[in-house]
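*Asks:* Sharing start.pdb (PDB, C-alpha atoms, pLDDT in the B column) below.
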ATOM      1  CA  MET W   1      90.209 102.718 107.964  1.00 86.00           C
ATOM      2  CA  LYS W   2      91.923  99.706 109.493  1.00 94.00           C
ATOM      3  CA  THR W   3      93.441 100.350 112.929  1.00 97.00           C
ATOM      4  CA  TRP W   4      95.913  98.542 115.189  1.00 97.00           C
ATOM      5  CA  LYS W   5      96.288  99.355 118.903  1.00 96.00           C
ATOM      6  CA  THR W   6      99.516  98.823 120.825  1.00 95.00           C
ATOM      7  CA  LYS W   7     100.209  98.023 124.461  1.00 93.00           C
ATOM      8  CA  SER W   8     101.108 101.669 125.149  1.00 96.00           C
ATOM      9  CA  GLY W   9      97.717 102.795 123.867  1.00 96.00           C
ATOM     10  CA  TYR W  10      98.958 104.101 120.527  1.00 98.00           C
ATOM     11  CA  GLN W  11      96.908 103.752 117.372  1.00 97.00           C
ATOM     12  CA  ILE W  12      98.286 102.858 113.963  1.00 98.00           C
ATOM     13  CA  ILE W  13      95.704 103.882 111.383  1.00 98.00           C
ATOM     14  CA  GLN W  14      95.931 102.840 107.748  1.00 97.00           C
ATOM     15  CA  ILE W  15      95.129 106.100 105.965  1.00 97.00           C
ATOM     16  CA  LEU W  16      95.672 104.874 102.403  1.00 95.00           C
ATOM     17  CA  SER W  17      95.614 101.389 100.930  1.00 91.00           C
ATOM     18  CA  GLY W  18      95.640  99.908  97.460  1.00 80.00           C
ATOM     19  CA  ARG W  19      98.413 101.433  95.340  1.00 80.00           C
ATOM     20  CA  SER W  20     100.490 102.198  98.436  1.00 93.00           C
ATOM     21  CA  ASN W  21      99.747 102.035 102.132  1.00 97.00           C
ATOM     22  CA  VAL W  22     100.138 105.115 104.304  1.00 98.00           C
ATOM     23  CA  PHE W  23      99.969 104.842 108.095  1.00 98.00           C
ATOM     24  CA  LEU W  24      99.375 107.343 110.886  1.00 98.00           C
ATOM     25  CA  LEU W  25     100.943 106.603 114.270  1.00 98.00           C
ATOM     26  CA  THR W  26      99.272 108.625 117.027  1.00 97.00           C
ATOM     27  CA  ASN W  27      99.233 108.746 120.830  1.00 96.00           C
ATOM     28  CA  GLY W  28      96.365 111.222 120.920  1.00 92.00           C
ATOM     29  CA  GLU W  29      98.665 114.227 121.104  1.00 94.00           C
ATOM     30  CA  ASN W  30     101.520 113.559 118.700  1.00 97.00           C
ATOM     31  CA  ASN W  31     101.029 112.410 115.120  1.00 98.00           C
ATOM     32  CA  ILE W  32     103.571 110.667 112.917  1.00 98.00           C
ATOM     33  CA  LEU W  33     102.849 109.836 109.287  1.00 98.00           C
ATOM     34  CA  ILE W  34     104.703 106.970 107.653  1.00 98.00           C
ATOM     35  CA  ASP W  35     105.028 107.539 103.889  1.00 98.00           C
ATOM     36  CA  THR W  36     102.733 109.638 101.676  1.00 97.00           C
ATOM     37  CA  GLY W  37     101.712 107.522  98.707  1.00 95.00           C
ATOM     38  CA  PRO W  38     102.114 108.575  95.042  1.00 94.00           C
ATOM     39  CA  GLY W  39     101.302 112.085  93.878  1.00 94.00           C
ATOM     40  CA  PHE W  40      97.879 111.275  92.423  1.00 93.00           C
ATOM     41  CA  MET W  41      96.686 110.130  95.877  1.00 95.00           C
ATOM     42  CA  TRP W  42      97.203 113.561  97.483  1.00 96.00           C
ATOM     43  CA  ARG W  43      93.555 114.612  97.575  1.00 96.00           C
ATOM     44  CA  THR W  44      92.470 111.314  99.100  1.00 96.00           C
ATOM     45  CA  LEU W  45      95.258 111.446 101.663  1.00 96.00           C
ATOM     46  CA  ASP W  46      94.460 115.022 102.647  1.00 96.00           C
ATOM     47  CA  LYS W  47      90.719 114.298 102.829  1.00 96.00           C
ATOM     48  CA  ARG W  48      91.178 111.272 105.085  1.00 96.00           C
ATOM     49  CA  LEU W  49      93.511 113.140 107.404  1.00 97.00           C
ATOM     50  CA  SER W  50      90.899 115.897 107.624  1.00 95.00           C
ATOM     51  CA  ARG W  51      88.206 113.301 108.361  1.00 95.00           C
ATOM     52  CA  LEU W  52      90.297 112.198 111.348  1.00 95.00           C
ATOM     53  CA  LYS W  53      90.565 115.876 112.383  1.00 94.00           C
ATOM     54  CA  VAL W  54      94.337 115.802 111.957  1.00 95.00           C
ATOM     55  CA  SER W  55      95.466 119.417 111.750  1.00 93.00           C
ATOM     56  CA  GLN W  56      99.116 118.867 112.616  1.00 95.00           C
ATOM     57  CA  ILE W  57     101.605 116.132 111.788  1.00 98.00           C
ATOM     58  CA  ASP W  58     104.689 116.314 113.972  1.00 98.00           C
ATOM     59  CA  TYR W  59     106.897 114.026 111.901  1.00 98.00           C
ATOM     60  CA  LEU W  60     106.821 112.402 108.486  1.00 98.00           C
ATOM     61  CA  ILE W  61     108.928 109.249 108.289  1.00 98.00           C
ATOM     62  CA  LEU W  62     109.765 108.080 104.775  1.00 98.00           C
ATOM     63  CA  SER W  63     110.491 104.372 104.565  1.00 98.00           C
ATOM     64  CA  HIS W  64     112.510 105.279 101.460  1.00 97.00           C
ATOM     65  CA  ALA W  65     112.585 107.959  98.769  1.00 96.00           C
ATOM     66  CA  HIS W  66     110.654 106.409  95.885  1.00 95.00           C
ATOM     67  CA  PHE W  67     107.761 108.150  94.117  1.00 93.00           C
ATOM     68  CA  ASP W  68     105.053 105.886  95.566  1.00 93.00           C
ATOM     69  CA  HIS W  69     106.229 106.656  99.102  1.00 96.00           C
ATOM     70  CA  ALA W  70     107.560 110.214  99.034  1.00 96.00           C
ATOM     71  CA  ALA W  71     105.743 112.058  96.228  1.00 96.00           C
ATOM     72  CA  ASN W  72     103.575 114.077  98.629  1.00 97.00           C
ATOM     73  CA  ALA W  73     106.299 114.705 101.212  1.00 98.00           C
ATOM     74  CA  GLN W  74     106.738 118.409 100.490  1.00 97.00           C
ATOM     75  CA  LYS W  75     102.956 118.936 100.591  1.00 97.00           C
ATOM     76  CA  ILE W  76     102.763 117.235 103.988  1.00 97.00           C
ATOM     77  CA  ARG W  77     105.679 119.347 105.192  1.00 97.00           C
ATOM     78  CA  ASP W  78     104.043 122.569 104.009  1.00 96.00           C
ATOM     79  CA  ARG W  79     100.434 121.861 104.991  1.00 96.00           C
ATOM     80  CA  TYR W  80     100.879 120.082 108.313  1.00 96.00           C
ATOM     81  CA  GLY W  81     104.224 121.412 109.539  1.00 95.00           C
ATOM     82  CA  ALA W  82     105.823 117.972 109.629  1.00 97.00           C
ATOM     83  CA  LEU W  83     109.529 117.429 110.183  1.00 98.00           C
ATOM     84  CA  VAL W  84     110.700 115.015 107.509  1.00 98.00           C
ATOM     85  CA  ILE W  85     112.809 112.018 108.525  1.00 98.00           C
ATOM     86  CA  VAL W  86     114.676 109.956 105.954  1.00 98.00           C
ATOM     87  CA  HIS W  87     117.711 107.694 106.037  1.00 98.00           C
ATOM     88  CA  ARG W  88     121.022 109.285 105.129  1.00 97.00           C
ATOM     89  CA  ASP W  89     121.368 107.016 102.091  1.00 97.00           C
ATOM     90  CA  GLU W  90     118.048 108.278 100.664  1.00 96.00           C
ATOM     91  CA  MET W  91     118.492 112.019 101.181  1.00 96.00           C
ATOM     92  CA  GLN W  92     119.875 112.731  97.718  1.00 95.00           C
ATOM     93  CA  ASN W  93     116.931 111.050  96.030  1.00 95.00           C
ATOM     94  CA  LEU W  94     114.550 113.026  98.231  1.00 97.00           C
ATOM     95  CA  ILE W  95     116.003 116.446  97.555  1.00 96.00           C
ATOM     96  CA  THR W  96     116.219 115.811  93.801  1.00 95.00           C
ATOM     97  CA  GLY W  97     112.939 113.907  93.439  1.00 94.00           C
ATOM     98  CA  ASP W  98     114.752 111.271  91.453  1.00 88.00           C
ATOM     99  CA  GLY W  99     114.053 107.868  92.952  1.00 75.00           C
ATOM    100  CA  SER W 100     116.050 105.146  91.244  1.00 77.00           C
ATOM    101  CA  ILE W 101     114.331 102.003  89.937  1.00 77.00           C
ATOM    102  CA  PRO W 102     115.300  98.905  91.962  1.00 81.00           C
ATOM    103  CA  HIS W 103     116.290  95.642  90.300  1.00 77.00           C
ATOM    104  CA  GLY W 104     113.585  93.124  89.528  1.00 73.00           C
ATOM    105  CA  THR W 105     113.531  89.975  91.662  1.00 77.00           C
ATOM    106  CA  ASN W 106     111.484  87.776  89.321  1.00 79.00           C
ATOM    107  CA  PRO W 107     111.422  87.272  85.519  1.00 80.00           C
ATOM    108  CA  ILE W 108     108.582  89.746  84.951  1.00 77.00           C
ATOM    109  CA  THR W 109     110.023  92.583  87.018  1.00 78.00           C
ATOM    110  CA  ARG W 110     113.532  91.944  85.682  1.00 76.00           C
ATOM    111  CA  PHE W 111     112.157  92.344  82.149  1.00 69.00           C
ATOM    112  CA  MET W 112     110.389  95.561  83.161  1.00 73.00           C
ATOM    113  CA  VAL W 113     113.558  97.049  84.616  1.00 70.00           C
ATOM    114  CA  ASN W 114     115.968  95.815  81.970  1.00 72.00           C
ATOM    115  CA  PHE W 115     113.948  96.732  78.888  1.00 66.00           C
ATOM    116  CA  LEU W 116     111.494  99.420  79.951  1.00 64.00           C
ATOM    117  CA  ALA W 117     113.420 101.393  82.578  1.00 61.00           C
ATOM    118  CA  LYS W 118     114.540 104.199  80.254  1.00 62.00           C
ATOM    119  CA  LYS W 119     111.063 104.664  78.814  1.00 64.00           C
ATOM    120  CA  ILE W 120     109.219 104.714  82.135  1.00 62.00           C
ATOM    121  CA  SER W 121     111.869 106.427  84.303  1.00 66.00           C
ATOM    122  CA  PRO W 122     110.135 109.843  84.057  1.00 69.00           C
ATOM    123  CA  LEU W 123     107.148 108.267  85.821  1.00 68.00           C
ATOM    124  CA  PHE W 124     109.352 107.619  88.840  1.00 77.00           C
ATOM    125  CA  ARG W 125     110.228 111.267  89.398  1.00 89.00           C
ATOM    126  CA  PHE W 126     108.418 113.196  92.125  1.00 93.00           C
ATOM    127  CA  THR W 127     108.292 116.649  93.710  1.00 95.00           C
ATOM    128  CA  PRO W 128     111.578 117.182  95.593  1.00 96.00           C
ATOM    129  CA  CYS W 129     111.447 117.677  99.346  1.00 97.00           C
ATOM    130  CA  GLN W 130     113.863 118.956 101.964  1.00 95.00           C
ATOM    131  CA  TYR W 131     114.633 116.699 104.911  1.00 97.00           C
ATOM    132  CA  ASP W 132     114.855 117.774 108.550  1.00 97.00           C
ATOM    133  CA  ILE W 133     116.271 114.714 110.315  1.00 98.00           C
ATOM    134  CA  LEU W 134     118.570 112.001 108.986  1.00 98.00           C
ATOM    135  CA  ALA W 135     118.425 108.465 110.343  1.00 98.00           C
ATOM    136  CA  ASP W 136     121.332 106.040 110.383  1.00 97.00           C
ATOM    137  CA  GLU W 137     121.324 102.504 111.826  1.00 97.00           C
ATOM    138  CA  ARG W 138     118.827 103.298 114.582  1.00 98.00           C
ATOM    139  CA  LEU W 139     116.946 106.390 115.696  1.00 98.00           C
ATOM    140  CA  ASP W 140     115.110 106.373 119.030  1.00 98.00           C
ATOM    141  CA  MET W 141     111.655 107.961 119.024  1.00 98.00           C
ATOM    142  CA  HIS W 142     111.107 108.550 122.757  1.00 97.00           C
ATOM    143  CA  ASP W 143     111.633 112.291 122.329  1.00 95.00           C
ATOM    144  CA  MET W 144     108.871 112.196 119.711  1.00 97.00           C
ATOM    145  CA  GLY W 145     106.454 110.803 122.312  1.00 95.00           C
ATOM    146  CA  PHE W 146     106.570 107.126 121.412  1.00 98.00           C
ATOM    147  CA  ASN W 147     108.052 103.893 122.681  1.00 98.00           C
ATOM    148  CA  ALA W 148     109.411 103.193 119.225  1.00 98.00           C
ATOM    149  CA  TYR W 149     112.500 103.444 117.061  1.00 98.00           C
ATOM    150  CA  ILE W 150     113.541 103.627 113.430  1.00 98.00           C
ATOM    151  CA  LEU W 151     115.649 100.701 112.191  1.00 98.00           C
ATOM    152  CA  HIS W 152     117.777 100.610 109.041  1.00 98.00           C
ATOM    153  CA  THR W 153     116.460  97.737 106.900  1.00 98.00           C
ATOM    154  CA  PRO W 154     118.183  98.015 103.504  1.00 98.00           C
ATOM    155  CA  GLY W 155     117.723  95.734 100.537  1.00 96.00           C
ATOM    156  CA  HIS W 156     114.837  97.162  98.567  1.00 96.00           C
ATOM    157  CA  SER W 157     116.849 100.379  98.516  1.00 95.00           C
ATOM    158  CA  PRO W 158     120.078 101.355 100.304  1.00 96.00           C
ATOM    159  CA  GLY W 159     118.379 103.580 102.865  1.00 97.00           C
ATOM    160  CA  SER W 160     115.145 101.716 103.502  1.00 98.00           C
ATOM    161  CA  ILE W 161     113.969 101.982 107.114  1.00 98.00           C
ATOM    162  CA  SER W 162     111.322 100.384 109.314  1.00 98.00           C
ATOM    163  CA  VAL W 163     109.502 101.717 112.374  1.00 98.00           C
ATOM    164  CA  ILE W 164     109.343  99.387 115.397  1.00 98.00           C
ATOM    165  CA  VAL W 165     106.455 100.297 117.710  1.00 98.00           C
ATOM    166  CA  ASP W 166     106.239  98.913 121.262  1.00 97.00           C
ATOM    167  CA  ASP W 167     108.435  96.015 120.081  1.00 97.00           C
ATOM    168  CA  LYS W 168     105.227  94.389 118.771  1.00 97.00           C
ATOM    169  CA  ILE W 169     104.315  96.025 115.458  1.00 98.00           C
ATOM    170  CA  ALA W 170     106.746  96.909 112.651  1.00 98.00           C
ATOM    171  CA  LEU W 171     105.984  99.216 109.739  1.00 98.00           C
ATOM    172  CA  VAL W 172     108.394  97.847 107.171  1.00 98.00           C
ATOM    173  CA  GLY W 173     107.973  99.825 103.935  1.00 97.00           C
ATOM    174  CA  ASP W 174     109.051  97.664 100.987  1.00 97.00           C
ATOM    175  CA  ALA W 175     111.255  95.346 103.028  1.00 97.00           C
ATOM    176  CA  MET W 176     108.283  92.984 102.678  1.00 97.00           C
ATOM    177  CA  PHE W 177     105.142  92.775 100.571  1.00 96.00           C
ATOM    178  CA  GLY W 178     101.734  91.536 101.722  1.00 94.00           C
ATOM    179  CA  ILE W 179     100.248  90.565  98.368  1.00 91.00           C
ATOM    180  CA  PHE W 180     100.515  86.775  98.523  1.00 89.00           C
ATOM    181  CA  ARG W 181      99.491  84.618 101.473  1.00 89.00           C
ATOM    182  CA  TRP W 182     102.556  82.406 101.084  1.00 92.00           C
ATOM    183  CA  SER W 183     105.298  84.985 100.468  1.00 94.00           C
ATOM    184  CA  VAL W 184     106.545  88.352 101.734  1.00 96.00           C
ATOM    185  CA  PHE W 185     109.265  88.617  99.065  1.00 94.00           C
ATOM    186  CA  PRO W 186     109.065  91.974  97.204  1.00 93.00           C
ATOM    187  CA  PRO W 187     109.141  92.075  93.383  1.00 89.00           C
ATOM    188  CA  PHE W 188     111.869  94.738  93.403  1.00 84.00           C
ATOM    189  CA  ALA W 189     115.073  94.945  95.454  1.00 88.00           C
ATOM    190  CA  ASN W 190     118.501  96.444  94.824  1.00 91.00           C
ATOM    191  CA  ASP W 191     120.300  93.967  97.088  1.00 94.00           C
ATOM    192  CA  VAL W 192     118.553  90.676  97.858  1.00 93.00           C
ATOM    193  CA  LYS W 193     121.207  89.529 100.345  1.00 93.00           C
ATOM    194  CA  SER W 194     120.826  92.739 102.345  1.00 95.00           C
ATOM    195  CA  LEU W 195     117.042  92.339 102.164  1.00 96.00           C
ATOM    196  CA  PHE W 196     117.179  88.898 103.767  1.00 95.00           C
ATOM    197  CA  GLN W 197     119.556  90.211 106.421  1.00 95.00           C
ATOM    198  CA  SER W 198     117.017  92.963 107.142  1.00 97.00           C
ATOM    199  CA  TRP W 199     114.340  90.310 107.642  1.00 97.00           C
ATOM    200  CA  GLY W 200     116.679  88.774 110.197  1.00 97.00           C
ATOM    201  CA  LYS W 201     117.043  92.125 111.983  1.00 97.00           C
ATOM    202  CA  LEU W 202     113.270  92.514 112.061  1.00 98.00           C
ATOM    203  CA  LEU W 203     112.864  89.001 113.445  1.00 98.00           C
ATOM    204  CA  GLU W 204     115.336  89.833 116.217  1.00 98.00           C
ATOM    205  CA  THR W 205     112.636  92.173 117.572  1.00 98.00           C
ATOM    206  CA  ASN W 206     109.584  90.796 119.338  1.00 97.00           C
ATOM    207  CA  CYS W 207     107.254  92.077 116.645  1.00 98.00           C
ATOM    208  CA  LYS W 208     104.330  89.821 115.803  1.00 97.00           C
ATOM    209  CA  VAL W 209     102.793  91.969 113.051  1.00 98.00           C
ATOM    210  CA  PHE W 210     104.639  93.465 110.072  1.00 98.00           C
ATOM    211  CA  LEU W 211     102.805  96.165 108.114  1.00 98.00           C
ATOM    212  CA  PRO W 212     104.150  96.556 104.557  1.00 97.00           C
ATOM    213  CA  SER W 213     103.618  99.466 102.200  1.00 97.00           C
ATOM    214  CA  HIS W 214     101.917  97.192  99.673  1.00 96.00           C
ATOM    215  CA  GLY W 215      99.293  94.626 100.594  1.00 95.00           C
ATOM    216  CA  SER W 216      98.069  93.344 103.943  1.00 95.00           C
ATOM    217  CA  ALA W 217      99.712  92.733 107.314  1.00 97.00           C
ATOM    218  CA  ASN W 218     102.149  89.817 107.585  1.00 97.00           C
ATOM    219  CA  LEU W 219     102.267  87.702 110.720  1.00 97.00           C
ATOM    220  CA  ARG W 220     105.555  86.657 112.292  1.00 97.00           C
ATOM    221  CA  LYS W 221     105.093  82.968 111.440  1.00 97.00           C
ATOM    222  CA  LEU W 222     105.021  83.705 107.698  1.00 97.00           C
ATOM    223  CA  VAL W 223     108.006  86.060 107.868  1.00 97.00           C
ATOM    224  CA  GLN W 224     110.005  83.486 109.836  1.00 97.00           C
ATOM    225  CA  LYS W 225     109.116  80.757 107.331  1.00 96.00           C
ATOM    226  CA  ASN W 226     110.180  82.902 104.356  1.00 95.00           C
ATOM    227  CA  TYR W 227     113.374  83.913 106.117  1.00 95.00           C
ATOM    228  CA  ASN W 228     114.322  80.324 106.978  1.00 94.00           C
ATOM    229  CA  GLU W 229     113.700  79.168 103.398  1.00 90.00           C
ATOM    230  CA  ARG W 230     115.607  81.945 101.695  1.00 81.00           C
ATOM    231  CA  ILE W 231     118.502  82.563 104.062  1.00 77.00           C
ATOM    232  CA  ASN W 232     119.568  78.944 103.649  1.00 70.00           C
ATOM    233  CA  ILE W 233     119.849  79.496  99.894  1.00 66.00           C
ATOM    234  CA  MET W 234     122.081  82.529 100.458  1.00 62.00           C
ATOM    235  CA  VAL W 235     124.461  80.720 102.820  1.00 52.00           C
TER     236      VAL W 235
END
Show me this structure written as structure tokens.

*Replies:*
Amino acid sequence: MKTWKTKSGYQIIQILSGRSNVFLLTNGENNILIDTGPGFMWRTLDKRLSRLKVSQIDYLILSHAHFDHAANAQKIRDRYGALVIVHRDEMQNLITGDGSIPHGTNPITRFMVNFLAKKISPLFRFTPCQYDILADERLDMHDMGFNAYILHTPGHSPGSISVIVDDKIALVGDAMFGIFRWSVFPPFANDVKSLFQSWGKLLETNCKVFLPSHGSANLRKLVQKNYNERINIMV
């Protein structure tokens, strides 16, 4: 399992990869899980947490309430005693298990959404989950044991959030993708203008590494390049 270490001595461990990334943020005493992956990955997720001897998760932060990020949220809440954190604009999707399908941002994904959405929408439903804490624009995480905060980064969905750790590493959900070496632009987003503005907010931090929920880590230079290219088009 790939691991990043921060200046405060925290570890960010990539628990799941492939279909969707799931990360564990730990300081040795407190554990925070970021996202849960889709429902069919539950056994793998649970097994890998057990392999790390994780018996308690203090908080579960959902980058947003879509099936490939939140489908196992209630299981994590029940099994590990986690308090579930989600942005206020995502809470309805979480408690109903009905994550909406974002707009496509390229010809292929636009076709998928426009012509196949009704047929495949049942696949996007997931087990509902109750939330414990609602985030807004920013939620400080010092009381959770970490020099970190949750930042509202909408665009992919209205209530998408990112976790900024030690002002050096950002876990960004679907605000970015890490599939292509030349681009961080996600294939789905409800509001592209808001997405680019969220990139700007993330670049206002001192983060050098951006960990997306799909693909590999993005370095700041690539994010800055993509931002500069695309924000000029929007102006």

*Asks:* Since I can't run it myself right now, could you work out what the PyMOL selection byres ((chain W and resi 8) around 8) selects here and report it as a ChimeraX atom specification?

*Replies:* /W:6-7,9-10,147,166

*Asks:* Go ahead and write the selection's residues with C-alpha atoms as a tab-separated table (two decimals), in the frame of the given file.

*Replies:*
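out_36.tsv was written with the following content:
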chain	number	residue	atom	x	y	z
W	6	THR	CA	99.52	98.82	120.82
W	7	LYS	CA	100.21	98.02	124.46
W	9	GLY	CA	97.72	102.80	123.87
W	10	TYR	CA	98.96	104.10	120.53
W	147	ASN	CA	108.05	103.89	122.68
W	166	ASP	CA	106.24	98.91	121.26

*Asks:* Give as a count of residues only each residue that has an atom at most 12 Å from (115.0, 105.7, 91.5) in the file, counting all atoms listed in the file.

*Replies:* 35

*Asks:* For W:Leu83, which residue out of W:Asp132, W:Asp35, W:Leu62, W:Ile95 is the nearest one, using only C-alpha atoms?

*Replies:* W:Asp132

*Asks:* For W:Leu151, find every residue with an atom within 9 Å (counting only C-alpha atoms), except residues of its own chain fewer than 3 positions away, and show them as a short mmCIF file (atom, residue, chain, number, x, y, z; two decimals) with C-alpha atoms, keeping the file's coordinate frame.

*Replies:*
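Listed below is the output, out_26.cif:
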data_model
loop_
_atom_site.label_atom_id
_atom_site.label_comp_id
_atom_site.auth_asym_id
_atom_site.auth_seq_id
_atom_site.Cartn_x
_atom_site.Cartn_y
_atom_site.Cartn_z
CA ALA W 135 118.42 108.46 110.34
CA ASP W 136 121.33 106.04 110.38
CA GLU W 137 121.32 102.50 111.83
CA ARG W 138 118.83 103.30 114.58
CA LEU W 139 116.95 106.39 115.70
CA ASP W 140 115.11 106.37 119.03
CA SER W 160 115.14 101.72 103.50
CA ILE W 161 113.97 101.98 107.11
CA SER W 162 111.32 100.38 109.31
CA VAL W 163 109.50 101.72 112.37
CA ILE W 164 109.34 99.39 115.40
CA LYS W 201 117.04 92.12 111.98
CA LEU W 202 113.27 92.51 112.06
#

*Asks:* Of the candidates W:Gly104, W:Ile169, W:Phe185, W:Ile179, which one gets nearest to W:Leu203 if we count all atoms listed in the file?

*Replies:*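 Ranking W:Gly104, W:Ile169, W:Phe185, W:Ile179 by distance to W:Leu203, first place goes to W:Ile169.
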
*Asks:* List the residues matched by the PyMOL selection byres ((chain W and resi 45) around 12) in the displayed structure as a PyMOL selection string, ordered by chain and then by residue number.

*Replies:* chain W and resi 1+14-17+20-24+33+35-44+46-52+54+71-73+75-76

*Asks:* Distance atom CA of W:Phe210-atom CA of W:Cys129, one decimal place?

*Replies:*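 Distance between the two atoms: 27.3 Å.
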
*Asks:* Kindly indicate which residue among W:Asp58, W:Asp191, W:Glu229, W:Glu204 lies nearest to W:Asn27, using all atoms listed in the file for the distances.

*Replies:*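 Between W:Asp58, W:Asp191, W:Glu229, W:Glu204, the residue approaching W:Asn27 most closely is W:Asp58.
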
*Asks:* Taking all atoms listed in the file into account, name the residue in W:Lys225, W:Arg19, W:Arg77, W:Lys5 that is nearest to W:Val184.

*Replies:*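 Counting all atoms listed in the file, the residue closest to W:Val184 is W:Lys225.
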